[in-house]
>>> print(open('target.pdb').read())   # PDB, C-alpha atoms and all ligand atoms
ATOM      1  CA  MET A  17      17.994  98.178   4.733
ATOM      2  CA  ASN A  18      16.970  97.904   8.365
ATOM      3  CA  ASN A  19      15.791  94.619   9.879
ATOM      4  CA  GLU A  20      12.112  95.318   9.233
ATOM      5  CA  GLN A  21      12.779  96.028   5.545
ATOM      6  CA  LEU A  22      14.926  92.915   5.283
ATOM      7  CA  LYS A  23      12.139  90.800   6.748
ATOM      8  CA  GLN A  24       9.578  92.270   4.342
ATOM      9  CA  GLU A  25      11.860  91.645   1.384
ATOM     10  CA  ILE A  26      12.496  88.045   2.466
ATOM     11  CA  VAL A  27       8.763  87.386   2.691
ATOM     12  CA  ARG A  28       8.182  89.030  -0.714
ATOM     13  CA  LEU A  29      10.996  87.132  -2.456
ATOM     14  CA  LYS A  30       9.922  83.860  -0.894
ATOM     15  CA  LYS A  31       6.431  84.251  -2.387
ATOM     16  CA  GLU A  32       7.660  85.498  -5.752
ATOM     17  CA  LYS A  33      10.087  82.572  -6.138
ATOM     18  CA  ASN A  34       7.887  79.858  -4.636
ATOM     19  CA  ALA A  35      10.498  79.176  -1.979
ATOM     20  CA  ILE A  36      10.168  77.540   1.422
ATOM     21  CA  ILE A  37      12.389  78.372   4.404
ATOM     22  CA  LEU A  38      13.234  75.395   6.622
ATOM     23  CA  GLY A  39      14.850  76.378   9.919
ATOM     24  CA  HIS A  40      16.499  74.477  12.743
ATOM     25  CA  TYR A  41      15.713  75.284  16.392
ATOM     26  CA  TYR A  42      19.281  76.560  16.889
ATOM     27  CA  GLN A  43      18.889  79.395  14.396
ATOM     28  CA  ARG A  44      18.721  83.029  15.448
ATOM     29  CA  ASP A  45      15.274  84.070  16.762
ATOM     30  CA  GLU A  46      14.511  86.307  13.788
ATOM     31  CA  ILE A  47      15.317  83.494  11.352
ATOM     32  CA  GLN A  48      13.086  81.082  13.260
ATOM     33  CA  ASP A  49      10.302  83.685  12.956
ATOM     34  CA  LEU A  50      10.722  83.810   9.169
ATOM     35  CA  SER A  51      10.890  80.031   8.740
ATOM     36  CA  ASP A  52       7.871  78.271   7.254
ATOM     37  CA  TYR A  53       8.795  75.250   9.276
ATOM     38  CA  ILE A  54      11.145  74.757  12.222
ATOM     39  CA  GLY A  55      12.147  71.384  13.577
ATOM     40  CA  ASP A  56      14.831  68.910  14.559
ATOM     41  CA  SER A  57      17.039  67.180  12.009
ATOM     42  CA  LEU A  58      14.613  64.298  11.512
ATOM     43  CA  ALA A  59      11.531  66.456  10.944
ATOM     44  CA  LEU A  60      13.468  68.807   8.676
ATOM     45  CA  ALA A  61      14.737  65.923   6.542
ATOM     46  CA  GLN A  62      11.197  64.632   6.173
ATOM     47  CA  LYS A  63       9.853  68.078   5.354
ATOM     48  CA  ALA A  64      12.594  68.586   2.736
ATOM     49  CA  GLN A  65      11.714  65.259   1.120
ATOM     50  CA  GLU A  66       8.014  66.105   0.893
ATOM     51  CA  CYS A  67       8.099  69.737  -0.168
ATOM     52  CA  ASN A  68       7.297  70.757  -3.727
ATOM     53  CA  ASN A  69       8.512  74.352  -3.730
ATOM     54  CA  ASP A  70      10.967  75.381  -6.448
ATOM     55  CA  ILE A  71      13.508  76.551  -3.888
ATOM     56  CA  ILE A  72      14.361  75.241  -0.422
ATOM     57  CA  VAL A  73      16.297  77.747   1.686
ATOM     58  CA  PHE A  74      17.846  75.763   4.484
ATOM     59  CA  CYS A  75      18.512  77.802   7.591
ATOM     60  CA  GLY A  76      20.691  75.361   9.448
ATOM     61  CA  VAL A  77      24.126  73.927   8.764
ATOM     62  CA  HIS A  78      25.675  72.391   5.651
ATOM     63  CA  PHE A  79      24.950  68.707   6.356
ATOM     64  CA  MET A  80      21.265  69.572   6.804
ATOM     65  CA  ALA A  81      21.031  71.431   3.479
ATOM     66  CA  GLU A  82      22.960  68.615   1.800
ATOM     67  CA  THR A  83      20.472  66.092   3.203
ATOM     68  CA  ALA A  84      17.613  68.190   1.787
ATOM     69  CA  LYS A  85      19.276  68.126  -1.658
ATOM     70  CA  ILE A  86      19.843  64.362  -1.456
ATOM     71  CA  LEU A  87      16.200  63.744  -0.574
ATOM     72  CA  ASN A  88      14.728  66.185  -3.077
ATOM     73  CA  PRO A  89      17.342  66.671  -5.813
ATOM     74  CA  SER A  90      15.099  68.391  -8.369
ATOM     75  CA  ARG A  91      14.727  71.434  -6.053
ATOM     76  CA  LYS A  92      17.220  74.235  -5.815
ATOM     77  CA  VAL A  93      18.608  74.045  -2.261
ATOM     78  CA  LEU A  94      20.223  77.187  -0.838
ATOM     79  CA  LEU A  95      22.201  77.677   2.359
ATOM     80  CA  PRO A  96      22.649  81.334   3.401
ATOM     81  CA  ASP A  97      26.267  80.735   4.480
ATOM     82  CA  MET A  98      28.270  77.862   2.985
ATOM     83  CA  GLU A  99      30.723  78.098   5.894
ATOM     84  CA  ALA A 100      28.011  76.851   8.273
ATOM     85  CA  SER A 101      29.660  73.556   9.050
ATOM     86  CA  CYS A 102      29.562  71.257  12.109
ATOM     87  CA  SER A 103      32.427  69.943  14.253
ATOM     88  CA  LEU A 104      30.995  66.436  14.014
ATOM     89  CA  ALA A 105      30.934  66.461  10.214
ATOM     90  CA  GLU A 106      34.451  67.862  10.207
ATOM     91  CA  SER A 107      35.781  65.179  12.545
ATOM     92  CA  CYS A 108      35.094  62.448  10.027
ATOM     93  CA  GLY A 109      36.927  62.573   6.705
ATOM     94  CA  GLY A 110      35.971  60.212   3.885
ATOM     95  CA  ASP A 111      39.334  58.493   3.294
ATOM     96  CA  GLU A 112      40.055  57.946   6.978
ATOM     97  CA  PHE A 113      36.561  56.629   7.586
ATOM     98  CA  ALA A 114      36.700  54.306   4.565
ATOM     99  CA  ARG A 115      39.915  52.801   6.016
ATOM    100  CA  PHE A 116      38.293  52.369   9.435
ATOM    101  CA  LYS A 117      35.293  50.686   7.840
ATOM    102  CA  ALA A 118      37.555  48.359   5.818
ATOM    103  CA  GLU A 119      39.254  47.233   9.054
ATOM    104  CA  HIS A 120      35.875  45.999  10.339
ATOM    105  CA  PRO A 121      34.219  44.248   7.383
ATOM    106  CA  ASP A 122      31.743  42.341   9.582
ATOM    107  CA  HIS A 123      30.254  45.569  11.038
ATOM    108  CA  MET A 124      27.345  47.540   9.655
ATOM    109  CA  VAL A 125      27.780  51.323   9.658
ATOM    110  CA  ILE A 126      25.276  53.615  11.323
ATOM    111  CA  SER A 127      26.061  57.289  10.904
ATOM    112  CA  TYR A 128      24.520  60.192  12.727
ATOM    113  CA  ILE A 129      23.006  62.605  10.207
ATOM    114  CA  ASN A 130      25.608  65.195  11.330
ATOM    115  CA  CYS A 131      28.132  64.028   8.727
ATOM    116  CA  SER A 132      29.052  64.738   5.125
ATOM    117  CA  ALA A 133      27.383  63.119   2.098
ATOM    118  CA  GLU A 134      30.603  61.183   1.573
ATOM    119  CA  ILE A 135      30.227  59.527   5.002
ATOM    120  CA  LYS A 136      26.529  58.923   4.379
ATOM    121  CA  ALA A 137      27.460  57.172   1.139
ATOM    122  CA  LEU A 138      29.735  54.842   3.160
ATOM    123  CA  SER A 139      26.940  54.062   5.656
ATOM    124  CA  ASP A 140      24.245  51.394   5.825
ATOM    125  CA  LEU A 141      21.849  53.448   7.918
ATOM    126  CA  ILE A 142      21.572  57.083   9.009
ATOM    127  CA  CYS A 143      20.067  58.147  12.313
ATOM    128  CA  THR A 144      19.253  61.384  14.101
ATOM    129  CA  SER A 145      19.160  62.075  17.816
ATOM    130  CA  GLY A 146      15.375  61.686  17.522
ATOM    131  CA  ASN A 147      15.428  58.074  16.340
ATOM    132  CA  ALA A 148      18.910  56.645  17.075
ATOM    133  CA  GLU A 149      17.968  54.571  20.110
ATOM    134  CA  LYS A 150      14.887  53.003  18.524
ATOM    135  CA  LEU A 151      16.681  52.249  15.257
ATOM    136  CA  VAL A 152      19.549  50.530  17.059
ATOM    137  CA  ARG A 153      17.122  48.533  19.225
ATOM    138  CA  ALA A 154      15.331  47.363  16.068
ATOM    139  CA  LEU A 155      18.502  45.679  14.751
ATOM    140  CA  PRO A 156      19.398  42.063  15.636
ATOM    141  CA  GLU A 157      21.242  41.921  18.969
ATOM    142  CA  ASP A 158      24.237  40.141  17.505
ATOM    143  CA  GLN A 159      24.651  42.691  14.706
ATOM    144  CA  LYS A 160      28.080  44.302  14.977
ATOM    145  CA  ILE A 161      27.891  48.047  14.473
ATOM    146  CA  ILE A 162      30.219  50.963  13.773
ATOM    147  CA  PHE A 163      28.658  54.210  14.981
ATOM    148  CA  ALA A 164      29.984  57.508  13.573
ATOM    149  CA  PRO A 165      30.842  60.292  14.048
ATOM    150  CA  ASP A 166      29.508  61.249  17.516
ATOM    151  CA  LYS A 167      31.128  59.254  20.326
ATOM    152  CA  ASN A 168      28.810  60.878  22.886
ATOM    153  CA  LEU A 169      25.575  59.950  21.134
ATOM    154  CA  GLY A 170      27.008  56.501  20.330
ATOM    155  CA  GLY A 171      28.184  56.044  23.931
ATOM    156  CA  TYR A 172      24.759  57.056  25.212
ATOM    157  CA  ILE A 173      23.031  54.525  22.927
ATOM    158  CA  ASN A 174      25.511  51.859  24.041
ATOM    159  CA  SER A 175      24.692  52.625  27.685
ATOM    160  CA  VAL A 176      20.900  52.465  27.302
ATOM    161  CA  THR A 177      20.820  49.451  24.973
ATOM    162  CA  SER A 178      23.786  47.486  26.436
ATOM    163  CA  ARG A 179      25.307  47.337  22.958
ATOM    164  CA  ASN A 180      28.968  47.577  22.256
ATOM    165  CA  MET A 181      29.010  49.653  19.082
ATOM    166  CA  LEU A 182      32.437  50.733  17.853
ATOM    167  CA  LEU A 183      32.559  54.515  18.124
ATOM    168  CA  TRP A 184      34.208  57.097  15.878
ATOM    169  CA  ASN A 185      35.998  59.714  17.961
ATOM    170  CA  GLY A 186      33.996  62.848  17.032
ATOM    171  CA  VAL A 187      32.177  65.323  19.268
ATOM    172  CA  CYS A 188      29.960  68.357  19.004
ATOM    173  CA  MET A 189      32.138  71.243  20.143
ATOM    174  CA  VAL A 190      29.169  72.937  21.826
ATOM    175  CA  HIS A 191      27.616  70.034  23.736
ATOM    176  CA  ASP A 192      30.843  68.249  24.625
ATOM    177  CA  ALA A 193      32.157  71.403  26.341
ATOM    178  CA  MET A 194      29.265  71.481  28.826
ATOM    179  CA  HIS A 195      30.396  70.197  32.239
ATOM    180  CA  ALA A 196      28.516  68.001  34.694
ATOM    181  CA  GLU A 197      30.066  70.095  37.527
ATOM    182  CA  ASN A 198      28.307  73.193  36.197
ATOM    183  CA  VAL A 199      25.021  71.334  36.011
ATOM    184  CA  LEU A 200      25.440  70.199  39.623
ATOM    185  CA  LYS A 201      26.189  73.794  40.693
ATOM    186  CA  LEU A 202      23.043  74.980  38.925
ATOM    187  CA  LYS A 203      21.112  72.166  40.613
ATOM    188  CA  VAL A 204      22.211  73.495  44.023
ATOM    189  CA  GLU A 205      20.999  76.993  43.072
ATOM    190  CA  HIS A 206      17.751  75.645  41.568
ATOM    191  CA  PRO A 207      16.896  72.402  43.394
ATOM    192  CA  ASP A 208      13.386  72.376  41.927
ATOM    193  CA  ALA A 209      14.631  72.383  38.307
ATOM    194  CA  ALA A 210      14.676  69.339  36.015
ATOM    195  CA  VAL A 211      17.845  68.816  33.974
ATOM    196  CA  ILE A 212      17.238  68.165  30.292
ATOM    197  CA  ALA A 213      20.115  67.364  27.939
ATOM    198  CA  HIS A 214      20.843  66.634  24.293
ATOM    199  CA  PRO A 215      22.571  63.254  23.762
ATOM    200  CA  GLU A 216      25.536  65.030  22.126
ATOM    201  CA  CYS A 217      26.571  66.066  25.664
ATOM    202  CA  ASN A 218      29.368  64.060  27.275
ATOM    203  CA  GLY A 219      28.594  60.930  29.307
ATOM    204  CA  ALA A 220      29.307  62.554  32.704
ATOM    205  CA  LEU A 221      26.730  65.251  32.025
ATOM    206  CA  LEU A 222      24.143  62.819  30.684
ATOM    207  CA  LYS A 223      24.407  60.819  33.924
ATOM    208  CA  VAL A 224      23.128  63.818  35.929
ATOM    209  CA  ALA A 225      20.269  64.592  33.511
ATOM    210  CA  ASP A 226      16.638  63.837  34.307
ATOM    211  CA  PHE A 227      15.797  63.634  30.611
ATOM    212  CA  VAL A 228      17.924  63.043  27.507
ATOM    213  CA  GLY A 229      16.544  63.647  24.031
ATOM    214  CA  SER A 230      16.652  65.435  20.701
ATOM    215  CA  THR A 231      15.651  69.089  20.410
ATOM    216  CA  LYS A 232      12.065  68.102  19.585
ATOM    217  CA  ALA A 233      11.969  65.500  22.367
ATOM    218  CA  MET A 234      13.108  68.152  24.882
ATOM    219  CA  LEU A 235      10.319  70.469  23.727
ATOM    220  CA  ASN A 236       7.786  67.648  24.129
ATOM    221  CA  TYR A 237       9.147  66.796  27.571
ATOM    222  CA  ILE A 238       8.814  70.387  28.795
ATOM    223  CA  ALA A 239       5.267  70.668  27.425
ATOM    224  CA  GLN A 240       4.023  67.619  29.330
ATOM    225  CA  SER A 241       6.025  68.185  32.528
ATOM    226  CA  ASP A 242       4.559  69.624  35.736
ATOM    227  CA  ASN A 243       7.976  71.152  36.463
ATOM    228  CA  LYS A 244       8.234  74.933  36.280
ATOM    229  CA  LYS A 245      12.021  75.166  35.955
ATOM    230  CA  PHE A 246      14.481  73.487  33.592
ATOM    231  CA  ILE A 247      18.263  73.423  33.415
ATOM    232  CA  VAL A 248      18.874  73.117  29.675
ATOM    233  CA  ALA A 249      21.995  71.428  28.285
ATOM    234  CA  THR A 250      21.804  72.204  24.597
ATOM    235  CA  GLU A 251      22.390  75.050  22.137
ATOM    236  CA  THR A 252      20.885  78.361  23.220
ATOM    237  CA  GLY A 253      18.789  78.935  20.074
ATOM    238  CA  ILE A 254      16.170  76.457  21.229
ATOM    239  CA  LEU A 255      15.322  78.626  24.239
ATOM    240  CA  TYR A 256      13.340  80.854  21.901
ATOM    241  CA  GLU A 257      10.871  78.046  21.112
ATOM    242  CA  MET A 258      10.925  76.777  24.706
ATOM    243  CA  ARG A 259       9.986  80.211  26.083
ATOM    244  CA  LYS A 260       7.415  80.854  23.348
ATOM    245  CA  ASN A 261       5.609  77.568  24.044
ATOM    246  CA  ASN A 262       5.926  77.771  27.837
ATOM    247  CA  PRO A 263       5.680  81.395  29.001
ATOM    248  CA  ASP A 264       5.001  80.241  32.582
ATOM    249  CA  LYS A 265       8.207  78.173  32.811
ATOM    250  CA  GLU A 266      11.798  79.168  33.522
ATOM    251  CA  PHE A 267      14.859  77.990  31.606
ATOM    252  CA  ILE A 268      18.459  78.075  32.800
ATOM    253  CA  VAL A 269      21.290  77.602  30.283
ATOM    254  CA  VAL A 270      24.208  75.251  30.924
ATOM    255  CA  PRO A 271      27.259  77.147  29.604
ATOM    256  CA  SER A 272      29.395  75.568  26.908
ATOM    257  CA  GLY A 273      32.939  75.868  28.265
ATOM    258  CA  ASP A 274      34.083  78.218  30.997
ATOM    259  CA  SER A 275      34.424  81.518  29.180
ATOM    260  CA  CYS A 276      30.775  82.582  28.902
ATOM    261  CA  ASN A 277      27.290  81.949  30.169
ATOM    262  CA  CYS A 278      26.062  80.901  26.786
ATOM    263  CA  ALA A 279      25.996  77.853  24.543
ATOM    264  CA  ASP A 280      25.909  79.155  20.995
ATOM    265  CA  CYS A 281      26.959  77.102  17.981
ATOM    266  CA  SER A 282      29.081  79.508  15.955
ATOM    267  CA  TYR A 283      28.203  77.583  12.780
ATOM    268  CA  MET A 284      24.456  77.767  13.336
ATOM    269  CA  LYS A 285      24.721  81.480  14.056
ATOM    270  CA  LEU A 286      26.456  82.229  10.737
ATOM    271  CA  ASN A 287      23.070  82.544   9.056
ATOM    272  CA  THR A 288      21.799  86.108   9.449
ATOM    273  CA  LEU A 289      18.877  88.127   8.088
ATOM    274  CA  GLU A 290      21.209  89.879   5.622
ATOM    275  CA  LYS A 291      22.571  86.583   4.297
ATOM    276  CA  LEU A 292      19.103  85.041   4.097
ATOM    277  CA  TYR A 293      17.899  88.025   2.081
ATOM    278  CA  ALA A 294      20.916  87.975  -0.274
ATOM    279  CA  CYS A 295      20.612  84.237  -0.736
ATOM    280  CA  LEU A 296      16.958  84.449  -1.783
ATOM    281  CA  ARG A 297      17.631  87.436  -4.031
ATOM    282  CA  ASP A 298      20.648  85.937  -5.825
ATOM    283  CA  GLU A 299      19.706  82.243  -5.467
ATOM    284  CA  THR A 300      23.156  81.440  -4.180
ATOM    285  CA  PRO A 301      25.048  79.812  -2.422
ATOM    286  CA  GLU A 302      23.489  76.642  -3.793
ATOM    287  CA  ILE A 303      24.140  73.027  -2.766
ATOM    288  CA  ILE A 304      25.534  71.264  -5.824
ATOM    289  CA  MET A 305      26.164  67.524  -5.796
ATOM    290  CA  SER A 306      26.853  64.855  -8.394
ATOM    291  CA  ASP A 307      23.998  62.471  -9.269
ATOM    292  CA  GLU A 308      26.229  59.593  -8.246
ATOM    293  CA  MET A 309      26.844  61.004  -4.756
ATOM    294  CA  ILE A 310      23.131  61.787  -4.344
ATOM    295  CA  GLU A 311      22.208  58.199  -5.245
ATOM    296  CA  ARG A 312      24.743  56.636  -2.876
ATOM    297  CA  ALA A 313      24.014  58.937   0.061
ATOM    298  CA  LYS A 314      20.251  58.647  -0.406
ATOM    299  CA  LYS A 315      19.941  54.904   0.305
ATOM    300  CA  PRO A 316      20.808  54.964   4.049
ATOM    301  CA  ILE A 317      18.736  58.121   4.607
ATOM    302  CA  VAL A 318      15.677  56.639   2.926
ATOM    303  CA  ARG A 319      16.212  53.474   4.966
ATOM    304  CA  MET A 320      16.189  55.632   8.115
ATOM    305  CA  LEU A 321      12.947  57.356   7.105
ATOM    306  CA  GLU A 322      11.281  54.054   6.215
ATOM    307  CA  MET A 323      12.350  52.394   9.474
ATOM    308  CA  SER A 324      11.240  55.476  11.427
ATOM    309  CA  LYS A 325       7.788  55.167   9.866
ATOM    310  CA  GLN A 326       7.594  51.433  10.549
ATOM    311  CA  LEU A 327       8.609  52.025  14.176
ATOM    312  CA  GLY A 328       6.001  54.794  14.582
ATOM    313  CA  ILE A 329       8.626  57.498  15.239
ATOM    314  CA  ILE A 330       7.332  59.619  12.358
ATOM    315  CA  LYS A 331       4.137  59.518  10.290
TER     316      LYS A 331
HETATM  317  P1  LIG A 401      18.515  67.626  16.599
HETATM  318  O1  LIG A 401      18.310  66.639  15.519
HETATM  319  O2  LIG A 401      18.218  67.087  17.956
HETATM  320  O3  LIG A 401      17.717  68.858  16.316
HETATM  321  O4  LIG A 401      20.067  68.014  16.664
HETATM  322  C1  LIG A 401      20.762  68.604  15.626
HETATM  323  C2  LIG A 401      22.060  69.132  16.045
HETATM  324  O5  LIG A 401      22.877  69.576  15.284
HETATM  325  C3  LIG A 401      22.348  69.094  17.452
HETATM  326  O6  LIG A 401      23.538  69.738  17.704
HETATM  327 FE1  LIG A 402      27.299  70.560  14.879
HETATM  328 FE2  LIG A 402      27.202  70.891  17.486
HETATM  329 FE3  LIG A 402      26.712  72.935  15.931
HETATM  330 FE4  LIG A 402      24.926  70.926  16.104
HETATM  331  S1  LIG A 402      25.513  72.334  17.716
HETATM  332  S2  LIG A 402      25.640  71.916  14.237
HETATM  333  S3  LIG A 402      26.326  69.194  16.348
HETATM  334  S4  LIG A 402      28.671  71.851  16.071
END
>>> encode(input="target.pdb", output="structure tokens")
Amino acid sequence: MNNEQLKQEIVRLKKEKNAIILGHYYQRDEIQDLSDYIGDSLALAQKAQECNNDIIVFCGVHFMAETAKILNPSRKVLLPDMEASCSLAESCGGDEFARFKAEHPDHMVISYINCSAEIKALSDLICTSGNAEKLVRALPEDQKIIFAPDKNLGGYINSVTSRNMLLWNGVCMVHDAMHAENVLKLKVEHPDAAVIAHPECNGALLKVADFVGSTKAMLNYIAQSDNKKFIVATETGILYEMRKNNPDKEFIVVPSGDSCNCADCSYMKLNTLEKLYACLRDETPEIIMSDEMIERAKKPIVRMLEMSKQLGIIK
């Protein structure tokens, strides 16, 4: 089948099986086009919780599909490629984290949603890049906190809130490999450009950014900005939505590492049209979890969604 036929078949199967496709902004352009809903991790979690389709096909990475299953366990949740992991989730193993937590019994645990269900089950509260700062600010100032697994996001929140959260030593392999020096070079070439960065970038890069925020927050920032040029420090997939929404604006990519001019997450890019088609046709690979794990991991995610509503971050 060629790409056009694959797309037609995906649309047909989706209707026939009462399925919904949820897609993250970092997915391939053609997958974003086929998604019924695209968003950041927070919006996608909320959408997964609310949807009443028989099947949720999650075009993102494993922790996102797992979160969808936790929030809406009676649905069949499919992920086109089960290998679509995340370096942050992989940096934080359950046993090691449980030991770390036990060493700090007076700390509450806030985990970034980019972690496994096992880590979620060991957490008191989950956050995303879209709500982390506000959630942390809403907690009592003397509350001791462990923040896992992203030391860059945690370090950023520490710097803007003057907290001293204990940080797990994980990073996003894509954002952490972007260098402030490259941003400064791009700034010299494009002095009129605003630098926008995802908080998973390292601290040195975030210091030279004009705006730091989640994927959705970056899109909002661009939409309301008078600037015509943006130096973008995040995964390349989001440029599709940025360009679509802002055809009059120019976007310059900050490379991840020194070997290319791109910033692709190899995990996010594992999902392809062929795999999406096969996954809808065969209803596999499916996210399978024990009821016990779903129950334990659900509590801190639901707490996040409830707090986000109370704080006016989501409706
Ligand atoms: P957002 O929640 O900002 O979309 O980020 C998800 C992610 O994996 C970033 O690398
Ligand atoms: Fe994980 Fe980074 Fe890929 Fe996002 S971009 S899924 S944080 S490895």
>>> residues_near_ligand(input="target.pdb", ligand="ligand LIG 401 (chain A)", cutoff="8 Å", atoms="all atoms listed in the file", output="ChimeraX atom specification")
/A:40-42,55-58,77,102,130,144-146,188,190-191,214,216,229-233,250-251
>>> closest_residue(input="target.pdb", among="A:Asn19, A:Ser241, A:Ser282, A:Asn198", to="ligand LIG 402 (chain A)", atoms="only C-alpha atoms and all ligand atoms")
A:Ser282
>>> closest_residue(input="target.pdb", among="A:Arg28, A:Glu112, A:Met305, A:Pro271", to="Glu197 (chain A)", atoms="only C-alpha atoms")
A:Pro271
>>> atom_distance(input="target.pdb", atom1="CA of Leu221 (chain A)", atom2="CA of Leu202 (chain A)")
12.5 Å
>>> axis_aligned_box(input="target.pdb", around="ligand LIG 402 (chain A)", padding_each_side="5 Å", output="AutoDock Vina command-line options")
--center_x 26.8 --center_y 71.1 --center_z 16.0 --size_x 13.7 --size_y 13.7 --size_z 13.5
>>> residues_near_point(input="target.pdb", point="(10.1, 80.9, -1.6)", cutoff="12 Å", atoms="all atoms listed in the file", output="JSON, numbers by chain")
{"A": [25, 26, 27, 28, 29, 30, 31, 32, 33, 34, 35, 36, 37, 38, 50, 51, 52, 67, 68, 69, 70, 71, 72, 73, 74, 91, 92, 93, 94, 292, 293, 295, 296, 297, 299]}
>>> resolve_selection(input="target.pdb", expression="the PyMOL selection byres (((chain A and resi 262-265) around 9) and not hetatm)", output="list in words")
Ile238, Ala239, Asn243, Lys244, Lys245, Phe246, Glu257, Met258, Arg259, Lys260, Asn261, Glu266 and Phe267 of chain A
>>> closest_residue(input="target.pdb", among="A:His78, A:Lys63, A:Lys314, A:Lys223", to="Asp97 (chain A)", atoms="only C-alpha atoms")
A:His78
>>> decode(input="target.pdb", residues="region 123-129 of chain A", atoms="all heavy atoms", output="mmCIF file, in the first residue's frame")
data_model
loop_
_atom_site.group_PDB
_atom_site.id
_atom_site.type_symbol
_atom_site.label_atom_id
_atom_site.label_comp_id
_atom_site.auth_asym_id
_atom_site.auth_seq_id
_atom_site.Cartn_x
_atom_site.Cartn_y
_atom_site.Cartn_z
ATOM 1 N N HIS A 123 10.205 13.387 52.835
ATOM 2 C CA HIS A 123 9.983 14.104 51.567
ATOM 3 C C HIS A 123 8.738 13.571 50.862
ATOM 4 O O HIS A 123 8.493 12.364 50.886
ATOM 5 C CB HIS A 123 11.169 13.902 50.616
ATOM 6 C CG HIS A 123 12.376 14.704 50.990
ATOM 7 N ND1 HIS A 123 13.004 14.599 52.211
ATOM 8 C CD2 HIS A 123 13.075 15.631 50.276
ATOM 9 C CE1 HIS A 123 14.046 15.426 52.246
ATOM 10 N NE2 HIS A 123 14.106 16.066 51.083
ATOM 11 N N MET A 124 7.981 14.469 50.232
ATOM 12 C CA MET A 124 6.950 13.965 49.321
ATOM 13 C C MET A 124 7.590 13.777 47.950
ATOM 14 O O MET A 124 8.623 14.387 47.646
ATOM 15 C CB MET A 124 5.728 14.894 49.261
ATOM 16 C CG MET A 124 5.842 16.092 48.355
ATOM 17 S SD MET A 124 4.283 17.047 48.266
ATOM 18 C CE MET A 124 3.452 16.260 46.875
ATOM 19 N N VAL A 125 6.987 12.914 47.130
ATOM 20 C CA VAL A 125 7.570 12.614 45.815
ATOM 21 C C VAL A 125 6.700 13.200 44.710
ATOM 22 O O VAL A 125 5.516 12.858 44.597
ATOM 23 C CB VAL A 125 7.711 11.091 45.605
ATOM 24 C CG1 VAL A 125 8.226 10.795 44.198
ATOM 25 C CG2 VAL A 125 8.633 10.481 46.644
ATOM 26 N N ILE A 126 7.308 14.095 43.931
ATOM 27 C CA ILE A 126 6.634 14.586 42.727
ATOM 28 C C ILE A 126 7.374 13.992 41.531
ATOM 29 O O ILE A 126 8.599 14.146 41.410
ATOM 30 C CB ILE A 126 6.677 16.127 42.617
ATOM 31 C CG1 ILE A 126 6.091 16.768 43.880
ATOM 32 C CG2 ILE A 126 5.909 16.598 41.381
ATOM 33 C CD1 ILE A 126 6.032 18.289 43.829
ATOM 34 N N SER A 127 6.650 13.310 40.682
ATOM 35 C CA SER A 127 7.291 12.747 39.490
ATOM 36 C C SER A 127 6.716 13.375 38.229
ATOM 37 O O SER A 127 5.497 13.560 38.108
ATOM 38 C CB SER A 127 7.109 11.234 39.428
ATOM 39 O OG SER A 127 7.816 10.643 40.491
ATOM 40 N N TYR A 128 7.633 13.686 37.340
ATOM 41 C CA TYR A 128 7.275 14.150 36.004
ATOM 42 C C TYR A 128 6.577 12.993 35.314
ATOM 43 O O TYR A 128 6.972 11.831 35.486
ATOM 44 C CB TYR A 128 8.582 14.531 35.302
ATOM 45 C CG TYR A 128 8.483 15.198 33.962
ATOM 46 C CD1 TYR A 128 7.420 16.015 33.619
ATOM 47 C CD2 TYR A 128 9.511 15.027 33.021
ATOM 48 C CE1 TYR A 128 7.368 16.633 32.388
ATOM 49 C CE2 TYR A 128 9.471 15.648 31.787
ATOM 50 C CZ TYR A 128 8.389 16.450 31.471
ATOM 51 O OH TYR A 128 8.345 17.055 30.245
ATOM 52 N N ILE A 129 5.568 13.295 34.516
ATOM 53 C CA ILE A 129 4.763 12.237 33.884
ATOM 54 C C ILE A 129 5.607 11.317 32.997
ATOM 55 O O ILE A 129 5.229 10.182 32.729
ATOM 56 C CB ILE A 129 3.584 12.888 33.113
ATOM 57 C CG1 ILE A 129 2.489 11.868 32.812
ATOM 58 C CG2 ILE A 129 4.081 13.600 31.848
ATOM 59 C CD1 ILE A 129 1.148 12.488 32.442
#
